[in-house]
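Everything below concerns the one structure shown next.
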Amino acid sequence: MCDDRIIRRFAGSFVLLSLALGWLVHPAWFLFTAFVGLNLLQSSFTAFCPLERMLGRVGFHGCAPRSTPPTTGRPRAGA
């Protein structure tokens, strides 16, 4: 789990970077801005943040990986 400030810093940096790239390089970069905005919006409703998971997995400072739910010991269907 990451501190909210870390997530906000990354999101703000991504938005500013994609706006600059959209202005200076190609307008298609504005789609990345929209993608970041949609992820922020959905995470406010679902409490699921893909960036938080990625940062936890790579061991980013201040982020810890979420623990996986315990297995029941039963084999999965089709396995």
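Ordering of the structure tokens sets the chain letters (A, B, ...); residue numbers start at 1 within each chain; ligands are numbered from 1 in the order shown.
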
How close does range 20-63 of chain A get to range 1-8 of chain A? List, as CSV, each residue of range 20-63 of chain A within 8 Å, its nearest atom pair and the distance in Å to one decimal, counting only C-alpha atoms.
```
residue,atom,partner,partner_atom,distance
A:Leu51,CA,A:Ile7,CA,7.3
A:Glu52,CA,A:Cys2,CA,6.0
A:Arg53,CA,A:Met1,CA,7.6
A:Leu55,CA,A:Cys2,CA,7.9
A:Gly56,CA,A:Met1,CA,6.7
A:Gly62,CA,A:Cys2,CA,6.1
A:Cys63,CA,A:Cys2,CA,4.3
```

- Query: Which polymer residues have any atom within 8 Å of an atom of Val36 in chain A, counting only C-alpha atoms, with same-chain residues fewer than 6 positions away left out, as JSON, numbers by chain?
  - Reply: {"A": [11, 14, 15]}
